Amino acid sequence: MTIDYGRNSEATRMIHPVHVDDDVLRTAAPVIQRGTTVLLDDYSAFGRTTPTYGRGGLASQAALRQALCELEGGEGAELYPSGLAAVTGAILSICRTGDEILICDTIYGPTRRFATTTLADYGVSARYFPAAIAMDDLAAMLGERTRLIVLEAPGSLTLDMLDVPGVAALARERGIFTLIDNTYAAGVLFKPLAHGVDISVQALTKYVCGHSDVFLGSAVANGEAAALIKRGSRSMGWAVSADDAYLALRGLRTLHARLARHGDAALEVAAWLQGQPMVREVLCPQLPGTRGHEIFRRHFSAGNGLVTIVLNGPEMAEHAFFNALRLFGLGFSWGGFESLAIPCNGQIRQRSFAAQTGNPAIRLHVGLEHTADLIRELDGALCAFAAAADGNTHTGTGQPAGQTGASTRPGRGAQEDSAT
């Protein structure tokens with residue numbers, strides 16, 4: 001029913017227009033519906049109409065949740081204001097005081113920080129296991145208090161692979177939930193729920209939104225896990241704006257095309273890097289001959305734009321590599337159109353099973369620029385690093401002279417509050 005407000009004052013008519021058009025034209029782009037208050041038809045709608053409040057999301061958020069369920073093969077999807085919020089929100093929805101969680105050691109750094117601080121405050125303990133753990137050894141770690149196993153594949157920074165289906169099967173046998181940070185695959189390259197994982201989390205900030213201008217996260221699940229994250233999201237008041245949901249929907253329209261381009265470009269760059277004398281190791285599981293490639297080939301359809309390299313030389317010379325970069329921006333995050341580079345050693349040293357080395361580890365995100373231009377720039381950066389390394393005196397271990405062992409103090413490179 002349309003109410004005639006035509007006899008009211010101008011100020012009132014600005015709030016209640018005379019003509020209310022309820023018909024929304026169909027467009028190729030998704031609809032943005034903004035609003036906090038949901039106006040109900042009549043008294044009987046109280047308590048039975050959903051949604052009754054905009055915090056839970058309107059048309060834009062509902063369309064994004066539906067699209068994510070279709071992408072990841074889930075029954076329910078929850079939205080969060082960042083990828084980290086999605087991880088922490090989902091974990092809090094599953095765990096209770098007195099529970100224990102097991103976490104793959106190569107997890108996203110801020111997830112580790114959350115486990116060490118907030119989870120511990122709530123009486124949830126955490127233990128870590130290496131990505132290369134044998135299933136028998138992981139089974140031996142499981143106990144009566146183990147509630148959740150948290151995974152990431154490939155792992156953060158060092159791109160380690162682990163047997164996700166094997167872990168999921170083991171956990172299911174014991175009645176333990178599993179959660180994976182599936183940001184690398186963007187819901188496209190790997191389907192965790194199809195392999196028995198209970199909850200697939202993404203930082204939509206990365207490839208789904210794709211343009212380095214949105215913070216957004218999601219958790220998609222089935223069965224009991226879906227019900228728990230829905231309850232947790234509602235209870236904790238997680239909300240995202242209609243405009244951010246729109247940008248994620250827009251990103252989904254081009255996700256597959258962009259992701260394929262990133263993966264092809266990264267593979268080309270990684271193959272070139274593999275032949276450079278100043279590169280000690282290329283960490284890129286989609287590249288044949290690298291660590292984790294066999295597991296990657298079994299479960300992933302392709303790779304994304306991430307490549308990590310370990311350089312032949314001392315860590316103290318890595319500044320020369322970074323300062324020679326122009327197309328590769330020096331900045332955190334990834335998944336946007338641009339190429340990026342960050343130092344990794346400080347964060348890697350926070351791990352329980354970190355290999356101690358004085359050689360610099362550098363993570364690259366290969367963007368959508370022409371690969372020949374990126375390779376030319378990397379060639380120059382490697383030359384600058386070589387010159388800086390030659391200007392220093394090293395010990396036989398690759399450490400700068402006068403320095404013994406790897407520093408464990410979280411310095412500038414640790415970036416404890418970064419988004420990496």
# chains A, B, ... in the order shown; residues from 1 in each chain; ligands from 1
$ closest_atom_pairs --of "segment 148-172 of chain A" --to "segment 114-126 of chain A" --cutoff "12 Å" --atoms "only C-alpha atoms" --output "tab-separated table"
residue	atom	partner	partner_atom	distance
A:Leu148	CA	A:Ala126	CA	9.7
A:Ile149	CA	A:Ala126	CA	9.7
A:Val150	CA	A:Ala126	CA	10.0
$ closest_atom_pairs --of "segment 174-256 of chain A" --to "segment 57-77 of chain A" --cutoff "9 Å" --atoms "only C-alpha atoms" --output "JSON lines"
{"residue": "A:Gly187", "atom": "CA", "partner": "A:Glu72", "partner_atom": "CA", "distance": 5.5}
{"residue": "A:Val188", "atom": "CA", "partner": "A:Leu71", "partner_atom": "CA", "distance": 7.1}
{"residue": "A:Phe190", "atom": "CA", "partner": "A:Glu72", "partner_atom": "CA", "distance": 8.8}
{"residue": "A:Lys191", "atom": "CA", "partner": "A:Glu72", "partner_atom": "CA", "distance": 6.1}
{"residue": "A:Pro192", "atom": "CA", "partner": "A:Glu72", "partner_atom": "CA", "distance": 7.7}
{"residue": "A:Leu193", "atom": "CA", "partner": "A:Gly73", "partner_atom": "CA", "distance": 6.6}
{"residue": "A:Ala194", "atom": "CA", "partner": "A:Gly73", "partner_atom": "CA", "distance": 7.2}
{"residue": "A:Ile199", "atom": "CA", "partner": "A:Gly74", "partner_atom": "CA", "distance": 8.8}
{"residue": "A:Ser200", "atom": "CA", "partner": "A:Glu72", "partner_atom": "CA", "distance": 7.8}
{"residue": "A:Ser218", "atom": "CA", "partner": "A:Ala77", "partner_atom": "CA", "distance": 6.8}
{"residue": "A:Ala219", "atom": "CA", "partner": "A:Ala77", "partner_atom": "CA", "distance": 5.6}
{"residue": "A:Val220", "atom": "CA", "partner": "A:Ala77", "partner_atom": "CA", "distance": 4.3}
{"residue": "A:Ala221", "atom": "CA", "partner": "A:Gly74", "partner_atom": "CA", "distance": 5.2}
{"residue": "A:Asn222", "atom": "CA", "partner": "A:Glu75", "partner_atom": "CA", "distance": 5.0}
{"residue": "A:Gly223", "atom": "CA", "partner": "A:Glu75", "partner_atom": "CA", "distance": 7.3}
{"residue": "A:Ala226", "atom": "CA", "partner": "A:Gly76", "partner_atom": "CA", "distance": 5.5}
{"residue": "A:Ala227", "atom": "CA", "partner": "A:Gly76", "partner_atom": "CA", "distance": 7.8}
{"residue": "A:Ile229", "atom": "CA", "partner": "A:Ala77", "partner_atom": "CA", "distance": 8.4}
{"residue": "A:Lys230", "atom": "CA", "partner": "A:Gly76", "partner_atom": "CA", "distance": 7.8}
{"residue": "A:Ala239", "atom": "CA", "partner": "A:Gly57", "partner_atom": "CA", "distance": 7.3}
{"residue": "A:Val240", "atom": "CA", "partner": "A:Gly57", "partner_atom": "CA", "distance": 7.5}
{"residue": "A:Ser241", "atom": "CA", "partner": "A:Gly57", "partner_atom": "CA", "distance": 7.9}
{"residue": "A:Ala242", "atom": "CA", "partner": "A:Ser60", "partner_atom": "CA", "distance": 5.5}
{"residue": "A:Asp243", "atom": "CA", "partner": "A:Ser60", "partner_atom": "CA", "distance": 7.9}
{"residue": "A:Asp244", "atom": "CA", "partner": "A:Gln61", "partner_atom": "CA", "distance": 8.8}
{"residue": "A:Ala245", "atom": "CA", "partner": "A:Gln61", "partner_atom": "CA", "distance": 5.5}
{"residue": "A:Tyr246", "atom": "CA", "partner": "A:Ser60", "partner_atom": "CA", "distance": 6.0}
{"residue": "A:Ala248", "atom": "CA", "partner": "A:Leu64", "partner_atom": "CA", "distance": 7.3}
{"residue": "A:Leu249", "atom": "CA", "partner": "A:Leu64", "partner_atom": "CA", "distance": 5.9}
{"residue": "A:Leu252", "atom": "CA", "partner": "A:Ala67", "partner_atom": "CA", "distance": 8.4}
$ residues_around --residues "Ser212 of chain A" --least-positions-apart "3" --cutoff "10 Å" --atoms "only C-alpha atoms" --output "ChimeraX atom specification"
/A:205-207,209,215,333-338
$ closest_residue --among "A:Ala90, A:Leu159, A:Leu273, A:Val208" --to "Phe177 of chain A" --atoms "only C-alpha atoms"
A:Ala90
$ residues_around --residues "Met161 of chain A" --least-positions-apart "6" --cutoff "6 Å" --atoms "only C-alpha atoms" --output "MDAnalysis selection string"
chainID A and resid 153:154 292
$ write_last_selection --atoms "all heavy atoms" --output "compact mmCIF listing (two decimals), in the first residue's frame"
# COMPACT_ATOMS: atom_id res chain seq x y z
N ALA A 153 46.57 -23.22 3.71
CA ALA A 153 47.32 -23.87 2.63
C ALA A 153 47.12 -23.10 1.33
O ALA A 153 45.98 -22.85 0.94
CB ALA A 153 46.87 -25.31 2.45
N PRO A 154 48.25 -22.77 0.68
CA PRO A 154 49.61 -22.80 1.19
C PRO A 154 49.77 -21.88 2.39
O PRO A 154 49.00 -20.94 2.57
CB PRO A 154 50.45 -22.31 0.01
CG PRO A 154 49.59 -22.54 -1.20
CD PRO A 154 48.20 -22.31 -0.73
N GLY A 292 56.49 -28.90 -1.89
CA GLY A 292 55.05 -28.96 -1.80
C GLY A 292 54.32 -29.10 -3.12
O GLY A 292 53.09 -29.14 -3.15
$ select_by_dssp --residues "segment 227-413 of chain A" --states "alpha helix (DSSP H)" --output "JSON, numbers by chain"
{"A": [227, 228, 229, 230, 231, 232, 233, 234, 235, 236, 242, 243, 244, 245, 246, 247, 248, 249, 250, 251, 252, 253, 254, 255, 256, 257, 258, 259, 260, 261, 262, 263, 264, 265, 266, 267, 268, 269, 270, 271, 272, 273, 274, 293, 294, 295, 296, 297, 298, 299, 318, 319, 320, 321, 322, 323, 345, 346, 347, 348, 371, 372, 373, 374, 375, 376, 377, 378, 379, 380, 381, 382, 383, 384, 385, 386, 387, 388, 389, 390]}
$ residues_around --residues "Ala169 of chain A" --least-positions-apart "5" --cutoff "12 Å" --atoms "only C-alpha atoms" --output "list in words"
Met135, Leu138, Ala139, Ile149, Asp163, Val164, Arg174, Gly175, Ile176, Phe177, Thr178, Pro192, Leu193, Ala194, His195, Gly196, Val197 and Asp198 of chain A
$ write_last_selection --atoms "C-alpha atoms" --output "mmCIF file, in the first residue's frame"
data_model
loop_
_atom_site.group_PDB
_atom_site.id
_atom_site.type_symbol
_atom_site.label_atom_id
_atom_site.label_comp_id
_atom_site.auth_asym_id
_atom_site.auth_seq_id
_atom_site.Cartn_x
_atom_site.Cartn_y
_atom_site.Cartn_z
ATOM 1 C CA MET A 135 49.156 -37.888 10.148
ATOM 2 C CA LEU A 138 49.083 -35.215 14.383
ATOM 3 C CA ALA A 139 46.721 -37.921 15.627
ATOM 4 C CA ILE A 149 42.227 -27.589 14.049
ATOM 5 C CA ASP A 163 47.600 -32.573 3.460
ATOM 6 C CA VAL A 164 44.326 -30.736 4.076
ATOM 7 C CA ARG A 174 37.522 -37.687 16.278
ATOM 8 C CA GLY A 175 34.574 -35.272 16.214
ATOM 9 C CA ILE A 176 36.858 -32.236 15.932
ATOM 10 C CA PHE A 177 36.054 -29.170 13.820
ATOM 11 C CA THR A 178 38.413 -27.926 11.119
ATOM 12 C CA PRO A 192 38.023 -27.062 1.241
ATOM 13 C CA LEU A 193 34.425 -27.962 2.067
ATOM 14 C CA ALA A 194 34.427 -30.569 -0.686
ATOM 15 C CA HIS A 195 37.474 -32.125 1.000
ATOM 16 C CA GLY A 196 35.827 -32.432 4.402
ATOM 17 C CA VAL A 197 36.845 -29.132 6.037
ATOM 18 C CA ASP A 198 34.078 -27.629 8.194
#
$ atom_distance --atom1 "atom CA of Gly380 of chain A" --atom2 "atom CA of Ala341 of chain A"
14.5 Å
$ select_by_dssp --residues "segment 128-362 of chain A" --states "strand (DSSP E or B)" --output "ChimeraX atom specification"
/A:128-129,146-152,177-181,199-203,217-221,279-283,306-311,329-330,340-343,361-362
$ closest_residue --among "A:Arg147, A:His299, A:Glu100, A:Ala260" --to "Pro165 of chain A" --atoms "only C-alpha atoms"
A:His299
$ atom_distance --atom1 "atom CA of Ala324 of chain A" --atom2 "atom CA of Gly367 of chain A"
17.5 Å
$ atom_distance --atom1 "atom CA of Ser156 of chain A" --atom2 "atom CA of Tyr184 of chain A"
8.9 Å
$ residues_around --residues "Asn359 of chain A" --least-positions-apart "2" --cutoff "9 Å" --atoms "only C-alpha atoms" --output "VMD selection string"
chain A and resid 280 310 to 316 318 345 357 361 397 to 399
$ closest_residue --among "A:Ala355, A:Ile32, A:Leu157, A:Leu368" --to "Ala257 of chain A" --atoms "only C-alpha atoms"
A:Leu368
